[in-house]
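Contents: one structure, followed by commentary.
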Amino acid sequence: MSPRPTTADLGKLERGSAMRTIRKVGPYLWPDGQPWVKRRVVLAMLALVVAKLVSVGTPFLYKAAVDTLAGEGQSAAWMLGAGAIGLTVAYGVAKVLTVGFQQIRDAVFAKVAQRALRTLALETFTHIHELSMRYHITRKTGGLSRIIERGVKGVEFLLRFLLFSVGPLVLELLMVAAIFYVVFDVWYLAIVVVTIALYVQFTFKVTEWRVKIRKEMNDQDTDANQKAIDSLLNFETVKYFGAEAREAARYDRAMAGYEVAAIKTNYSLAFLNFGQSFLITLGLIGVMVLAAMGVQDGSLTVGDFVMVNAYMMQITMPLNFLGTVYREIRQSLVDMGQMFDLLEQPAEVKDKPGAPALKVEGGSVELRDVFFGYDASRPILKGVSLKVPAGASVALVGPSGSGKSTIGRLLFRFYDVNGGALLIDGQDVRDVTQVSLHAAIGVVPQDTVLFNDTIYYNIAYGRPDASRAEVEAAAKAAKIHEFITRLPDGYETTVGERGLKLSGGEKQRVGIARTLLKNPPILLLDEATSALDSETERDIQDELKAMGVGRTVLSIAHRLSTIVDSDEIIVLEHGVVVERGRHEALLARGGRYAAMWQRQQAEEQEGEAA
């Protein structure tokens, strides 16, 4: 048994993860082949350095103005010659220049940062669509969306604060430390260094503690968000079971955990702010006492006293934000790490290097001794072989769990077979590109899910470059054109989330129209009418039959009455083919299919009698 990792080990792993994340962000700020990005980064860095040089030099003007007014002449001759009013004006100009160069820096860098965010967000979104069905069915949509959202925000925060807060702060501290050592003496430098060291150590220690609380708060937030999204997506189910109060209580429990963590966060923030203020004030008192002593013994002027105070105030302000910045950077690194973990998640189903496009000549589909299981310990298909000739119609029937829908998912290559092969016109689907494979297959599922957009958009989704006339022709073929034209907004009618504003039959017709517009040579009907009432089913069956003319059709059926005209019926049970043949031949055989047919007929007769 391996020993449990120590705190030091965990810290090393975390630092390694943070460095990995920072390394991954680097190429987005310094991309190959895009010189304009590099130019902007260099200009932004130059503006940053100039802003800090002006900022650090400003207190000298303040000192000179005070010395001039106090009648003490230890400042440079050109400063004394400028007079108190001139020095005051110069001090104001320096302040404006500091802000001006900071704004120039931000403006120049803005396009670089936004380009990096857009590129990262697009890469993540694209990669998520490339991940396998297995990955998506094990992830919660709410949690996934939060990972992307936080990750992109984390990159934005890191770019803004790491480059424009921490970097400039370190540069300014080094400059101020050098000025204290050269202009005053080593004791000033010693107090500043000790103060900053204690301040940074205290800030980081307390922030580490706060990061754990923040992580707990984020976990509670994600949990509450997942429950909210899950409940809203299942709005109808909640209503069916009168579970509004139960869902509210479930959500409230998740929010209660978030509340506790948020309160801890506020308490710890108060402790952090007080500790920081205490340490900085001690350092400020230390250097001011030294300066006051210097003024008393005549080694320093009143201007020097004021300058020391100005420098301490100047470094105090950014230091006050160090805890917040450090915490946010740490949190950003965690959030970005989760997003990069997502980007590194390998796609289970990938095209082979140099894979050609699928060439469909007739559209024949063949399964050769196919073995498959979603889990290695639970095989679903156990050596299934079948062939659907080009232009033929073959139906798959059998009890739940027999592997019918699994064959459809393998055909579309949501998964790869564990053994055997699945071929289209003699080409193994693993040897061709997924894009060409998906283009060749049209699917009408049991429950057509629509986008929360217009009816026109949902039909045109089958072929985005189709003309309006082609979209309307597909709608007419699916027998839904007249219904659409009767709507107040016609084809511009919004269907609602997942198409909830339409009935089941209307959604199916939109789905059929969408697939007709795609015009695929192979058609997969995955229990396309099992969720509909008998009358609607009969109407849609006619449209599906018309749709299948001239195409290779593979039907996954629950109601046997819908597939009696199929060229061949394949009966699956426990992942193996137990019978095959035409409807009449299978009935005459009196086997498994005949028993299923008789049972369904009896159930339908009982339903009609009732």
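Following the order of the structure tokens, first chain is A, next is B, and so on, with residues numbered from 1 inside each chain and ligands from 1 in the order they appear.
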
Mind running stretch 476-588 of chain A against stretch 443-462 of chain A at 10 Å and telling me each contacting residue's nearest atom pair with the distance in Å (one decimal), counting only C-alpha atoms, chain and number ascending, as JSON lines?
{"residue": "A:Ile484", "atom": "CA", "partner": "A:Ile455", "partner_atom": "CA", "distance": 8.1}
{"residue": "A:Asp489", "atom": "CA", "partner": "A:Thr454", "partner_atom": "CA", "distance": 9.4}
{"residue": "A:Gly490", "atom": "CA", "partner": "A:Ile455", "partner_atom": "CA", "distance": 8.2}
{"residue": "A:Tyr491", "atom": "CA", "partner": "A:Tyr456", "partner_atom": "CA", "distance": 5.0}
{"residue": "A:Glu492", "atom": "CA", "partner": "A:Thr454", "partner_atom": "CA", "distance": 5.0}
{"residue": "A:Thr493", "atom": "CA", "partner": "A:Thr454", "partner_atom": "CA", "distance": 5.1}
{"residue": "A:Thr494", "atom": "CA", "partner": "A:Thr454", "partner_atom": "CA", "distance": 4.1}
{"residue": "A:Val495", "atom": "CA", "partner": "A:Asn452", "partner_atom": "CA", "distance": 5.9}
{"residue": "A:Gly496", "atom": "CA", "partner": "A:Asn452", "partner_atom": "CA", "distance": 4.7}
{"residue": "A:Glu497", "atom": "CA", "partner": "A:Asn452", "partner_atom": "CA", "distance": 4.6}
{"residue": "A:Arg498", "atom": "CA", "partner": "A:Leu450", "partner_atom": "CA", "distance": 4.8}
{"residue": "A:Gly499", "atom": "CA", "partner": "A:Leu450", "partner_atom": "CA", "distance": 4.9}
{"residue": "A:Leu500", "atom": "CA", "partner": "A:Leu450", "partner_atom": "CA", "distance": 8.5}
{"residue": "A:Lys501", "atom": "CA", "partner": "A:Asn452", "partner_atom": "CA", "distance": 9.7}
{"residue": "A:Leu502", "atom": "CA", "partner": "A:Leu450", "partner_atom": "CA", "distance": 9.7}
{"residue": "A:Gly504", "atom": "CA", "partner": "A:Asp447", "partner_atom": "CA", "distance": 7.7}
{"residue": "A:Gly505", "atom": "CA", "partner": "A:Thr448", "partner_atom": "CA", "distance": 9.6}
{"residue": "A:Glu506", "atom": "CA", "partner": "A:Thr448", "partner_atom": "CA", "distance": 9.7}
{"residue": "A:Lys507", "atom": "CA", "partner": "A:Thr448", "partner_atom": "CA", "distance": 6.1}
{"residue": "A:Gln508", "atom": "CA", "partner": "A:Thr448", "partner_atom": "CA", "distance": 5.8}
{"residue": "A:Arg509", "atom": "CA", "partner": "A:Thr448", "partner_atom": "CA", "distance": 8.9}
{"residue": "A:Val510", "atom": "CA", "partner": "A:Ile459", "partner_atom": "CA", "distance": 6.1}
{"residue": "A:Gly511", "atom": "CA", "partner": "A:Thr448", "partner_atom": "CA", "distance": 5.9}
{"residue": "A:Ile512", "atom": "CA", "partner": "A:Val444", "partner_atom": "CA", "distance": 6.4}
{"residue": "A:Ala513", "atom": "CA", "partner": "A:Ile459", "partner_atom": "CA", "distance": 6.0}
{"residue": "A:Arg514", "atom": "CA", "partner": "A:Ile459", "partner_atom": "CA", "distance": 4.3}
{"residue": "A:Thr515", "atom": "CA", "partner": "A:Gly462", "partner_atom": "CA", "distance": 5.8}
{"residue": "A:Leu516", "atom": "CA", "partner": "A:Gly462", "partner_atom": "CA", "distance": 7.8}
{"residue": "A:Leu517", "atom": "CA", "partner": "A:Gly462", "partner_atom": "CA", "distance": 5.6}
{"residue": "A:Lys518", "atom": "CA", "partner": "A:Gly462", "partner_atom": "CA", "distance": 4.6}
{"residue": "A:Asn519", "atom": "CA", "partner": "A:Gly462", "partner_atom": "CA", "distance": 8.4}
{"residue": "A:Pro520", "atom": "CA", "partner": "A:Val443", "partner_atom": "CA", "distance": 9.2}
{"residue": "A:Ile522", "atom": "CA", "partner": "A:Val443", "partner_atom": "CA", "distance": 8.7}
{"residue": "A:Leu523", "atom": "CA", "partner": "A:Val443", "partner_atom": "CA", "distance": 6.0}
{"residue": "A:Leu524", "atom": "CA", "partner": "A:Val443", "partner_atom": "CA", "distance": 4.8}
{"residue": "A:Leu525", "atom": "CA", "partner": "A:Val444", "partner_atom": "CA", "distance": 5.0}
{"residue": "A:Asp526", "atom": "CA", "partner": "A:Pro445", "partner_atom": "CA", "distance": 4.7}
{"residue": "A:Glu527", "atom": "CA", "partner": "A:Gln446", "partner_atom": "CA", "distance": 4.9}
{"residue": "A:Ala528", "atom": "CA", "partner": "A:Gln446", "partner_atom": "CA", "distance": 4.2}
{"residue": "A:Thr529", "atom": "CA", "partner": "A:Gln446", "partner_atom": "CA", "distance": 6.2}
{"residue": "A:Ser530", "atom": "CA", "partner": "A:Gln446", "partner_atom": "CA", "distance": 6.5}
{"residue": "A:Ala531", "atom": "CA", "partner": "A:Gln446", "partner_atom": "CA", "distance": 6.4}
{"residue": "A:Leu532", "atom": "CA", "partner": "A:Gln446", "partner_atom": "CA", "distance": 9.0}
{"residue": "A:Leu544", "atom": "CA", "partner": "A:Val444", "partner_atom": "CA", "distance": 9.2}
{"residue": "A:Leu554", "atom": "CA", "partner": "A:Val443", "partner_atom": "CA", "distance": 9.7}
{"residue": "A:Ser555", "atom": "CA", "partner": "A:Val444", "partner_atom": "CA", "distance": 9.7}
{"residue": "A:Ile556", "atom": "CA", "partner": "A:Pro445", "partner_atom": "CA", "distance": 9.5}
{"residue": "A:Ala557", "atom": "CA", "partner": "A:Gln446", "partner_atom": "CA", "distance": 9.7}

Worksheet item: Please, which residues of stretch 356-499 of chain A, numbered as in this document, come out strand (DSSP E) from DSSP, as a ChimeraX atom specification?
Response: /A:365-372,381-388,393-397,419-424,427-428,441-444

Discussion item. What's the separation between atom CA of A:Val578 and atom CA of A:Gly398, in Å to one decimal place?
Written reply: 9.5 Å

Worksheet entry | Gap from atom CA of A:Glu328 to atom CA of A:His129 - Å, one decimal |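 Going from atom CA of A:Glu328 over to atom CA of A:His129 covers 29.4 Å.
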
Discussion item. Residues near stretch 373-386 of chain A, anyone? I mean within 12 Å using only C-alpha atoms, not counting same-chain ones fewer than 6 positions away, as a PyMOL selection string.
Written reply: chain A and resi 132-135+137-138+364-367+394-396+400-407+409-410+414-423+554+568-581

Within 8 Å of stretch 281-302 of chain A, which residues of stretch 187-260 of chain A come that close, and what is the closest atom pair and distance in Å for each? Count only C-alpha atoms and give it as a tab-separated table.
residue	atom	partner	partner_atom	distance
A:Tyr188	CA	A:Val287	CA	5.9
A:Ile191	CA	A:Gly283	CA	6.3
A:Val192	CA	A:Gly283	CA	6.5
A:Thr195	CA	A:Gly283	CA	5.4

Worksheet entry | atom CA of A:Lys52 to atom CA of A:Glu172, distance in Å rounded to a single decimal | 6.4 Å

Worksheet item: Within 12 Å of A:Val25, counting only C-alpha atoms, which residues qualify if same-chain residues fewer than 4 places away don't, as a list in words?
Response: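 Neighbouring residues, sequence-local ones excluded: Ala18, Met19, Arg20, Thr21, Leu29, Trp30, Pro31, Ala113, Ala116, Leu117, Thr119, Leu120, Gly151, Val152, Gly154, Val155, Glu156, Leu158, Leu159, Leu162, Ser332, Leu333, Met336, Gly337, Met339 and Phe340 of chain A.
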
Could you write those residues out with N, CA, C and O atoms, as a compact mmCIF listing (two decimals), in the first residue's frame?
# COMPACT_ATOMS: atom_id res chain seq x y z
N ALA A 18 0.15 24.41 -11.26
CA ALA A 18 0.09 25.85 -11.55
C ALA A 18 1.06 26.22 -12.67
O ALA A 18 0.71 26.98 -13.58
N MET A 19 2.29 25.68 -12.61
CA MET A 19 3.27 25.97 -13.65
C MET A 19 2.82 25.41 -14.99
O MET A 19 3.01 26.05 -16.03
N ARG A 20 2.19 24.23 -14.96
CA ARG A 20 1.66 23.65 -16.20
C ARG A 20 0.62 24.59 -16.81
O ARG A 20 0.62 24.86 -18.02
N THR A 21 -0.26 25.13 -15.95
CA THR A 21 -1.32 26.02 -16.43
C THR A 21 -0.73 27.29 -17.02
O THR A 21 -1.14 27.74 -18.10
N LEU A 29 -0.31 34.19 -25.56
CA LEU A 29 0.20 35.56 -25.47
C LEU A 29 1.36 35.80 -26.43
O LEU A 29 1.69 36.95 -26.72
N TRP A 30 2.00 34.74 -26.87
CA TRP A 30 3.16 34.86 -27.77
C TRP A 30 3.02 33.81 -28.88
O TRP A 30 3.84 32.93 -29.01
N PRO A 31 1.97 33.93 -29.70
CA PRO A 31 1.69 32.88 -30.70
C PRO A 31 2.61 32.98 -31.91
O PRO A 31 2.98 34.08 -32.34
N ALA A 113 -5.49 40.14 -24.97
CA ALA A 113 -6.20 39.37 -23.95
C ALA A 113 -7.51 38.81 -24.48
O ALA A 113 -7.83 37.64 -24.27
N ALA A 116 -6.93 35.97 -26.84
CA ALA A 116 -6.56 34.76 -26.12
C ALA A 116 -7.79 34.10 -25.50
O ALA A 116 -7.96 32.88 -25.58
N LEU A 117 -8.68 34.91 -24.90
CA LEU A 117 -9.90 34.37 -24.29
C LEU A 117 -10.79 33.72 -25.34
O LEU A 117 -11.32 32.63 -25.13
N THR A 119 -9.96 32.54 -28.30
CA THR A 119 -9.33 31.33 -28.84
C THR A 119 -9.47 30.16 -27.88
O THR A 119 -9.82 29.04 -28.28
N LEU A 120 -9.22 30.43 -26.59
CA LEU A 120 -9.33 29.38 -25.58
C LEU A 120 -10.76 28.87 -25.44
O LEU A 120 -11.00 27.66 -25.38
N GLY A 151 -13.11 28.78 -16.07
CA GLY A 151 -11.80 28.67 -16.71
C GLY A 151 -11.47 29.87 -17.56
O GLY A 151 -10.37 30.43 -17.48
N VAL A 152 -12.43 30.31 -18.38
CA VAL A 152 -12.21 31.48 -19.26
C VAL A 152 -12.04 32.74 -18.41
O VAL A 152 -11.17 33.57 -18.67
N GLY A 154 -10.93 32.78 -15.41
CA GLY A 154 -9.64 32.62 -14.75
C GLY A 154 -8.49 33.09 -15.62
O GLY A 154 -7.55 33.75 -15.15
N VAL A 155 -8.56 32.78 -16.92
CA VAL A 155 -7.53 33.23 -17.85
C VAL A 155 -7.52 34.75 -17.91
O VAL A 155 -6.46 35.39 -17.86
N GLU A 156 -8.72 35.34 -17.99
CA GLU A 156 -8.82 36.81 -18.05
C GLU A 156 -8.20 37.43 -16.80
O GLU A 156 -7.44 38.40 -16.88
N LEU A 158 -6.01 36.10 -14.72
CA LEU A 158 -4.56 35.84 -14.66
C LEU A 158 -3.81 36.82 -15.55
O LEU A 158 -2.78 37.38 -15.16
N LEU A 159 -4.32 37.02 -16.76
CA LEU A 159 -3.66 37.94 -17.69
C LEU A 159 -3.63 39.35 -17.11
O LEU A 159 -2.62 40.05 -17.18
N LEU A 162 -1.76 39.06 -13.07
CA LEU A 162 -0.39 38.57 -13.00
C LEU A 162 0.55 39.50 -13.75
O LEU A 162 1.65 39.80 -13.30
N SER A 332 -7.86 31.24 -9.88
CA SER A 332 -7.85 31.24 -11.34
C SER A 332 -7.05 30.06 -11.87
O SER A 332 -7.43 29.43 -12.86
N LEU A 333 -5.91 29.79 -11.22
CA LEU A 333 -5.08 28.66 -11.64
C LEU A 333 -5.83 27.34 -11.45
O LEU A 333 -5.73 26.44 -12.29
N MET A 336 -8.55 27.34 -14.17
CA MET A 336 -7.93 27.11 -15.47
C MET A 336 -7.41 25.68 -15.57
O MET A 336 -7.46 25.06 -16.63
N GLY A 337 -6.90 25.17 -14.43
CA GLY A 337 -6.42 23.78 -14.41
C GLY A 337 -7.53 22.82 -14.75
O GLY A 337 -7.34 21.87 -15.52
N MET A 339 -10.13 23.53 -16.56
CA MET A 339 -10.44 23.69 -17.98
C MET A 339 -9.39 23.00 -18.85
O MET A 339 -9.73 22.34 -19.84
N PHE A 340 -8.12 23.13 -18.48
CA PHE A 340 -7.07 22.46 -19.26
C PHE A 340 -7.13 20.94 -19.09
O PHE A 340 -6.78 20.20 -20.01

Discussion item. Give me, as a list in words, all polymer residues having an atom no more than 12 Å from stretch 35-39 of chain A, counting only C-alpha atoms and skipping those fewer than 4 positions away in the same chain.
Written reply: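 What passes the distance filter is Gly26, Pro27, Tyr28, Leu29, Trp30, Pro31, Leu43, Ala44, Met45, Leu46, Val108, Phe109, Ala110, Lys111, Val112, Ala113, Gln114, Arg115 and Ala116 of chain A.
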
Please build the interface table for stretch 325-424 of chain A against stretch 206-223 of chain A with a cut-off of 10 Å, listing for each qualifying residue the nearest atom pair and the distance in Å to one decimal; count only C-alpha atoms, order rows by chain and increasing number, and write it as CSV.
residue,atom,partner,partner_atom,distance
A:Val325,CA,A:Thr207,CA,9.8
A:Tyr326,CA,A:Thr207,CA,7.4
A:Arg327,CA,A:Thr207,CA,5.8
A:Glu328,CA,A:Val211,CA,8.8
A:Arg330,CA,A:Val211,CA,7.5
A:Gln331,CA,A:Val211,CA,7.0
A:Val334,CA,A:Lys215,CA,9.1
A:Asp335,CA,A:Lys215,CA,10.0
